[in-house]
Amino acid sequence: MAVRAQFENSNDIGVFSRLTNSYALVAVGGSENFYSVFESELADVIPVVHTSIAGTRIIGRLSVGNKHGLLLPNSTTDQELQHIRNTLPDSVVVQRVEERLSALGNVIACNDYVALVHPDVDRETEEIIADTLKVEVFRQTIAGNVLVGSYCALSNQGGIVHPKTSVEDQDELSSLLQIPLVAGTVNRGSDLIGAGLVVNDWSAFAGLDTTSTELSVIESIFKLQDAQPTYIVNQMRDSLIDTMV
């Protein structure tokens, strides 16, 4: 299910949080309201970790991860690294990366199988991404933008890309990623998809300004309707009718 949230009057929740299928990171110092939105959806299933990275709260832009691992910039302090390692599941590998393009969340977009990266990322970093996150790595741009992490949001079910992405580009990316893609916006027309939306295989969180049309696009491409109460009620109704017939 897709839920709207706001971090201290900012709709760019993708800047202040990182969501995967095995953990969620949220920035320290937010309002209780923000945390409760995440925890009510996720806390029964995966750990919701409160942390800073390099002393800042923009953890969604500085880190990138999936269910296999988490990559952090070199500026992450030892204390933060230890805290994150202690609170994440043992199966998740946490790794610091020496990379000139240190806002890893802006330059890498990934799900549990494939990663798109900025064309200028170091060869060494590319290998670390492949090893730690257990993904295939492709150097790509999205609608001519090198910051692939900022302009798309991916899960294992589907993905949203920059609204000006051409149909040819969408087809190419879709065949690389092996998931359906749609060009769309969040936060009432913002093309910074990565900043306004965090998503995993069963839930999504978008900025408070996101319109109902945008939310319905998000729910359909990420196949989140299956978690909706109406869907469950209809399923029950169908099975009742089947038993009565």
# chains A, B, ... in the order shown; residues from 1 in each chain; ligands from 1
>>> residues_around(residues="segment 172-174 of chain A", least_positions_apart="4", cutoff="12 Å", atoms="only C-alpha atoms", output="PyMOL selection string")
chain A and resi 109+114-116+138-143+148+152+154+156-161+165-168+178-183
>>> select_by_dssp(residues="segment 45-81 of chain A", states="strand (DSSP E)", output="PyMOL selection string")
chain A and resi 48-51+64-65+69-73
>>> write_last_selection(atoms="N, CA, C and O atoms", output="PDB file, in the first residue's frame")
ATOM      1  N   VAL A  48      13.297  -0.958  11.627  1.00  0.00           N
ATOM      2  CA  VAL A  48      13.334   0.447  11.202  1.00  0.00           C
ATOM      3  C   VAL A  48      14.424   1.120  12.038  1.00  0.00           C
ATOM      4  O   VAL A  48      14.272   1.296  13.252  1.00  0.00           O
ATOM      5  N   VAL A  49      15.537   1.456  11.397  1.00  0.00           N
ATOM      6  CA  VAL A  49      16.738   1.917  12.105  1.00  0.00           C
ATOM      7  C   VAL A  49      16.842   3.440  12.046  1.00  0.00           C
ATOM      8  O   VAL A  49      16.808   4.018  10.958  1.00  0.00           O
ATOM      9  N   HIS A  50      16.975   4.071  13.205  1.00  0.00           N
ATOM     10  CA  HIS A  50      17.171   5.525  13.266  1.00  0.00           C
ATOM     11  C   HIS A  50      18.675   5.798  13.257  1.00  0.00           C
ATOM     12  O   HIS A  50      19.386   5.337  14.149  1.00  0.00           O
ATOM     13  N   THR A  51      19.139   6.554  12.265  1.00  0.00           N
ATOM     14  CA  THR A  51      20.579   6.805  12.193  1.00  0.00           C
ATOM     15  C   THR A  51      20.883   8.102  11.459  1.00  0.00           C
ATOM     16  O   THR A  51      20.017   8.679  10.805  1.00  0.00           O
ATOM     17  N   VAL A  64      22.953   3.539  -0.325  1.00  0.00           N
ATOM     18  CA  VAL A  64      22.155   2.735  -1.260  1.00  0.00           C
ATOM     19  C   VAL A  64      22.206   1.288  -0.794  1.00  0.00           C
ATOM     20  O   VAL A  64      23.226   0.830  -0.264  1.00  0.00           O
ATOM     21  N   GLY A  65      21.085   0.575  -0.941  1.00  0.00           N
ATOM     22  CA  GLY A  65      21.100  -0.807  -0.465  1.00  0.00           C
ATOM     23  C   GLY A  65      19.947  -1.620  -1.019  1.00  0.00           C
ATOM     24  O   GLY A  65      19.024  -1.091  -1.641  1.00  0.00           O
ATOM     25  N   GLY A  69      22.593  -6.109   0.988  1.00  0.00           N
ATOM     26  CA  GLY A  69      23.661  -5.283   1.535  1.00  0.00           C
ATOM     27  C   GLY A  69      23.303  -3.812   1.592  1.00  0.00           C
ATOM     28  O   GLY A  69      22.247  -3.392   1.116  1.00  0.00           O
ATOM     29  N   LEU A  70      24.222  -3.041   2.182  1.00  0.00           N
ATOM     30  CA  LEU A  70      24.061  -1.588   2.295  1.00  0.00           C
ATOM     31  C   LEU A  70      25.411  -0.942   2.040  1.00  0.00           C
ATOM     32  O   LEU A  70      26.417  -1.335   2.651  1.00  0.00           O
ATOM     33  N   LEU A  71      25.454   0.028   1.131  1.00  0.00           N
ATOM     34  CA  LEU A  71      26.693   0.756   0.851  1.00  0.00           C
ATOM     35  C   LEU A  71      26.607   2.153   1.447  1.00  0.00           C
ATOM     36  O   LEU A  71      25.598   2.843   1.283  1.00  0.00           O
ATOM     37  N   LEU A  72      27.678   2.555   2.148  1.00  0.00           N
ATOM     38  CA  LEU A  72      27.723   3.862   2.803  1.00  0.00           C
ATOM     39  C   LEU A  72      28.941   4.626   2.298  1.00  0.00           C
ATOM     40  O   LEU A  72      29.943   4.016   1.920  1.00  0.00           O
ATOM     41  N   PRO A  73      28.883   5.973   2.300  1.00  0.00           N
ATOM     42  CA  PRO A  73      30.037   6.745   1.828  1.00  0.00           C
ATOM     43  C   PRO A  73      31.193   6.679   2.821  1.00  0.00           C
ATOM     44  O   PRO A  73      31.002   6.313   3.992  1.00  0.00           O
TER      45      PRO A  73
END
>>> residues_around(residues="segment 14-24 of chain A", least_positions_apart="6", cutoff="6 Å", atoms="only C-alpha atoms", output="ChimeraX atom specification")
/A:46-48,58-61,66-67,194-198,200
>>> closest_residue(among="A:Ala204, A:Leu215, A:Ala130, A:Val117", to="Leu42 of chain A", atoms="only C-alpha atoms")
A:Ala204
>>> atom_distance(atom1="atom CA of Trp202 of chain A", atom2="atom CA of Phe38 of chain A")
12.7 Å
>>> residues_around(residues="Gln79 of chain A", least_positions_apart="5", cutoff="10 Å", atoms="only C-alpha atoms", output="PDB file with N, CA, C and O atoms, in the first residue's frame")
ATOM      1  N   ILE A  53      24.177   9.704   8.862  1.00  0.00           N
ATOM      2  CA  ILE A  53      25.339   9.258   8.086  1.00  0.00           C
ATOM      3  C   ILE A  53      26.236  10.473   7.888  1.00  0.00           C
ATOM      4  O   ILE A  53      25.768  11.527   7.423  1.00  0.00           O
ATOM      5  N   ALA A  54      27.490  10.330   8.285  1.00  0.00           N
ATOM      6  CA  ALA A  54      28.457  11.437   8.238  1.00  0.00           C
ATOM      7  C   ALA A  54      27.931  12.643   9.020  1.00  0.00           C
ATOM      8  O   ALA A  54      28.165  13.787   8.649  1.00  0.00           O
ATOM      9  N   ILE A  84      24.700   0.859  12.736  1.00  0.00           N
ATOM     10  CA  ILE A  84      23.922   0.283  11.625  1.00  0.00           C
ATOM     11  C   ILE A  84      24.156  -1.225  11.552  1.00  0.00           C
ATOM     12  O   ILE A  84      23.214  -2.010  11.414  1.00  0.00           O
ATOM     13  N   ARG A  85      25.424  -1.645  11.688  1.00  0.00           N
ATOM     14  CA  ARG A  85      25.732  -3.087  11.639  1.00  0.00           C
ATOM     15  C   ARG A  85      25.017  -3.850  12.760  1.00  0.00           C
ATOM     16  O   ARG A  85      24.541  -4.965  12.557  1.00  0.00           O
TER      17      ARG A  85
END
>>> residues_around(residues="Val3 of chain A", least_positions_apart="4", cutoff="8 Å", atoms="only C-alpha atoms", output="list in words")
Val37, Ser203, Ala204, Phe205 and Ala206 of chain A
>>> write_last_selection(atoms="all heavy atoms", output="compact mmCIF listing (two decimals), in the first residue's frame")
# COMPACT_ATOMS: atom_id res chain seq x y z
N VAL A 37 4.60 6.61 10.87
CA VAL A 37 4.12 6.20 9.54
C VAL A 37 4.90 4.98 9.07
O VAL A 37 4.33 3.98 8.61
CB VAL A 37 4.26 7.35 8.52
CG1 VAL A 37 3.99 6.87 7.10
CG2 VAL A 37 3.32 8.49 8.87
N SER A 203 5.33 -2.19 0.12
CA SER A 203 4.84 -0.89 0.59
C SER A 203 5.60 0.24 -0.09
O SER A 203 6.71 0.05 -0.58
CB SER A 203 4.98 -0.78 2.11
OG SER A 203 6.33 -0.93 2.46
N ALA A 204 4.97 1.41 -0.11
CA ALA A 204 5.62 2.59 -0.68
C ALA A 204 5.26 3.80 0.18
O ALA A 204 4.17 3.87 0.75
CB ALA A 204 5.15 2.82 -2.12
N PHE A 205 6.20 4.74 0.28
CA PHE A 205 5.98 5.98 1.02
C PHE A 205 6.32 7.13 0.09
O PHE A 205 7.41 7.17 -0.47
CB PHE A 205 6.86 6.03 2.27
CG PHE A 205 6.60 4.89 3.22
CD1 PHE A 205 7.29 3.69 3.08
CD2 PHE A 205 5.65 5.01 4.22
CE1 PHE A 205 7.05 2.63 3.93
CE2 PHE A 205 5.39 3.94 5.08
CZ PHE A 205 6.09 2.75 4.94
N ALA A 206 5.37 8.06 -0.08
CA ALA A 206 5.58 9.20 -0.97
C ALA A 206 5.39 10.49 -0.18
O ALA A 206 4.80 10.48 0.91
CB ALA A 206 4.59 9.14 -2.13
>>> atom_distance(atom1="atom CA of Lys223 of chain A", atom2="atom CA of Tyr35 of chain A")
24.2 Å
>>> select_by_dssp(residues="segment 28-243 of chain A", states="alpha helix (DSSP H)", output="PyMOL selection string")
chain A and resi 32-42+59-62+78-87+104-107+123-133+167-177+193-196+212-221+229-243
>>> write_last_selection(atoms="C-alpha atoms", output="PDB file, in the first residue's frame")
ATOM      1  CA  GLU A  32       7.428  11.234  15.905  1.00  0.00           C
ATOM      2  CA  ASN A  33       4.710  11.421  13.265  1.00  0.00           C
ATOM      3  CA  PHE A  34       7.195  10.574  10.493  1.00  0.00           C
ATOM      4  CA  TYR A  35       8.576   7.558  12.364  1.00  0.00           C
ATOM      5  CA  SER A  36       5.134   6.240  13.245  1.00  0.00           C
ATOM      6  CA  VAL A  37       4.119   6.202   9.545  1.00  0.00           C
ATOM      7  CA  PHE A  38       7.080   3.927   8.794  1.00  0.00           C
ATOM      8  CA  GLU A  39       6.817   1.834  11.926  1.00  0.00           C
ATOM      9  CA  SER A  40       3.093   1.166  11.615  1.00  0.00           C
ATOM     10  CA  GLU A  41       3.649  -0.258   8.118  1.00  0.00           C
ATOM     11  CA  LEU A  42       6.996  -1.986   8.616  1.00  0.00           C
ATOM     12  CA  ILE A  59      20.735   9.360   4.655  1.00  0.00           C
ATOM     13  CA  GLY A  60      18.562   8.451   1.659  1.00  0.00           C
ATOM     14  CA  ARG A  61      20.859  10.367  -0.708  1.00  0.00           C
ATOM     15  CA  LEU A  62      24.126   9.165   0.840  1.00  0.00           C
ATOM     16  CA  ASP A  78      32.868   4.409  12.828  1.00  0.00           C
ATOM     17  CA  GLN A  79      30.181   4.901  15.457  1.00  0.00           C
ATOM     18  CA  GLU A  80      27.420   5.193  12.810  1.00  0.00           C
ATOM     19  CA  LEU A  81      28.770   2.169  10.945  1.00  0.00           C
ATOM     20  CA  GLN A  82      28.788   0.088  14.141  1.00  0.00           C
ATOM     21  CA  HIS A  83      25.261   1.205  15.088  1.00  0.00           C
ATOM     22  CA  ILE A  84      23.922   0.283  11.625  1.00  0.00           C
ATOM     23  CA  ARG A  85      25.732  -3.087  11.639  1.00  0.00           C
ATOM     24  CA  ASN A  86      24.341  -3.901  15.094  1.00  0.00           C
ATOM     25  CA  THR A  87      20.737  -3.126  14.168  1.00  0.00           C
ATOM     26  CA  LEU A 104      25.633   7.057  -3.428  1.00  0.00           C
ATOM     27  CA  GLY A 105      21.826   7.317  -3.340  1.00  0.00           C
ATOM     28  CA  ASN A 106      21.946   9.848  -6.192  1.00  0.00           C
ATOM     29  CA  VAL A 107      24.318   7.898  -8.427  1.00  0.00           C
ATOM     30  CA  ARG A 123      35.450   0.589 -11.803  1.00  0.00           C
ATOM     31  CA  GLU A 124      36.359  -0.465  -8.243  1.00  0.00           C
ATOM     32  CA  THR A 125      33.044   0.896  -6.898  1.00  0.00           C
ATOM     33  CA  GLU A 126      31.187  -0.982  -9.634  1.00  0.00           C
ATOM     34  CA  GLU A 127      32.780  -4.232  -8.427  1.00  0.00           C
ATOM     35  CA  ILE A 128      31.907  -3.458  -4.784  1.00  0.00           C
ATOM     36  CA  ILE A 129      28.276  -2.792  -5.824  1.00  0.00           C
ATOM     37  CA  ALA A 130      28.131  -6.126  -7.668  1.00  0.00           C
ATOM     38  CA  ASP A 131      29.728  -8.068  -4.770  1.00  0.00           C
ATOM     39  CA  THR A 132      27.975  -6.447  -1.806  1.00  0.00           C
ATOM     40  CA  LEU A 133      24.494  -5.994  -3.265  1.00  0.00           C
ATOM     41  CA  VAL A 167       9.567   5.301 -24.912  1.00  0.00           C
ATOM     42  CA  GLU A 168      12.766   3.844 -26.444  1.00  0.00           C
ATOM     43  CA  ASP A 169      14.712   4.541 -23.239  1.00  0.00           C
ATOM     44  CA  GLN A 170      11.931   3.049 -21.123  1.00  0.00           C
ATOM     45  CA  ASP A 171      11.949  -0.113 -23.245  1.00  0.00           C
ATOM     46  CA  GLU A 172      15.748  -0.381 -23.007  1.00  0.00           C
ATOM     47  CA  LEU A 173      15.775   0.128 -19.227  1.00  0.00           C
ATOM     48  CA  SER A 174      12.837  -2.238 -18.803  1.00  0.00           C
ATOM     49  CA  SER A 175      14.627  -5.028 -20.673  1.00  0.00           C
ATOM     50  CA  LEU A 176      17.827  -4.425 -18.653  1.00  0.00           C
ATOM     51  CA  LEU A 177      15.953  -4.488 -15.354  1.00  0.00           C
ATOM     52  CA  ILE A 193      11.272  10.466  -8.123  1.00  0.00           C
ATOM     53  CA  GLY A 194      14.071   9.168  -5.880  1.00  0.00           C
ATOM     54  CA  ALA A 195      13.708  12.137  -3.536  1.00  0.00           C
ATOM     55  CA  GLY A 196       9.922  11.948  -3.211  1.00  0.00           C
ATOM     56  CA  SER A 212      -4.175  10.622  -5.726  1.00  0.00           C
ATOM     57  CA  THR A 213      -3.492  10.151  -9.460  1.00  0.00           C
ATOM     58  CA  GLU A 214       0.245   9.844  -8.775  1.00  0.00           C
ATOM     59  CA  LEU A 215      -0.471   7.432  -5.920  1.00  0.00           C
ATOM     60  CA  SER A 216      -2.633   5.233  -8.134  1.00  0.00           C
ATOM     61  CA  VAL A 217       0.179   5.073 -10.720  1.00  0.00           C
ATOM     62  CA  ILE A 218       2.609   4.133  -7.926  1.00  0.00           C
ATOM     63  CA  GLU A 219       0.278   1.430  -6.603  1.00  0.00           C
ATOM     64  CA  SER A 220      -0.357  -0.096 -10.017  1.00  0.00           C
ATOM     65  CA  ILE A 221       3.274  -0.181 -11.278  1.00  0.00           C
ATOM     66  CA  PRO A 229      -8.230  -4.100   2.210  1.00  0.00           C
ATOM     67  CA  THR A 230     -10.697  -3.776  -0.721  1.00  0.00           C
ATOM     68  CA  TYR A 231      -8.750  -6.397  -2.663  1.00  0.00           C
ATOM     69  CA  ILE A 232      -8.809  -8.763   0.331  1.00  0.00           C
ATOM     70  CA  VAL A 233     -12.569  -8.200   0.862  1.00  0.00           C
ATOM     71  CA  ASN A 234     -13.230  -8.920  -2.835  1.00  0.00           C
ATOM     72  CA  GLN A 235     -11.148 -12.094  -2.594  1.00  0.00           C
ATOM     73  CA  MET A 236     -13.205 -13.198   0.427  1.00  0.00           C
ATOM     74  CA  ARG A 237     -16.434 -12.365  -1.388  1.00  0.00           C
ATOM     75  CA  ASP A 238     -15.324 -14.370  -4.439  1.00  0.00           C
ATOM     76  CA  SER A 239     -14.445 -17.376  -2.316  1.00  0.00           C
ATOM     77  CA  LEU A 240     -17.771 -17.113  -0.452  1.00  0.00           C
ATOM     78  CA  ILE A 241     -19.671 -17.110  -3.742  1.00  0.00           C
ATOM     79  CA  ASP A 242     -17.620 -20.075  -4.950  1.00  0.00           C
ATOM     80  CA  THR A 243     -18.517 -22.076  -1.846  1.00  0.00           C
TER      81      THR A 243
END
>>> closest_residue(among="A:His118, A:His162, A:Arg188, A:His68", to="Val135 of chain A", atoms="only C-alpha atoms")
A:His68
>>> closest_residue(among="A:Gly207, A:Pro163, A:Gly55, A:Gly149", to="Ala103 of chain A", atoms="only C-alpha atoms")
A:Gly149
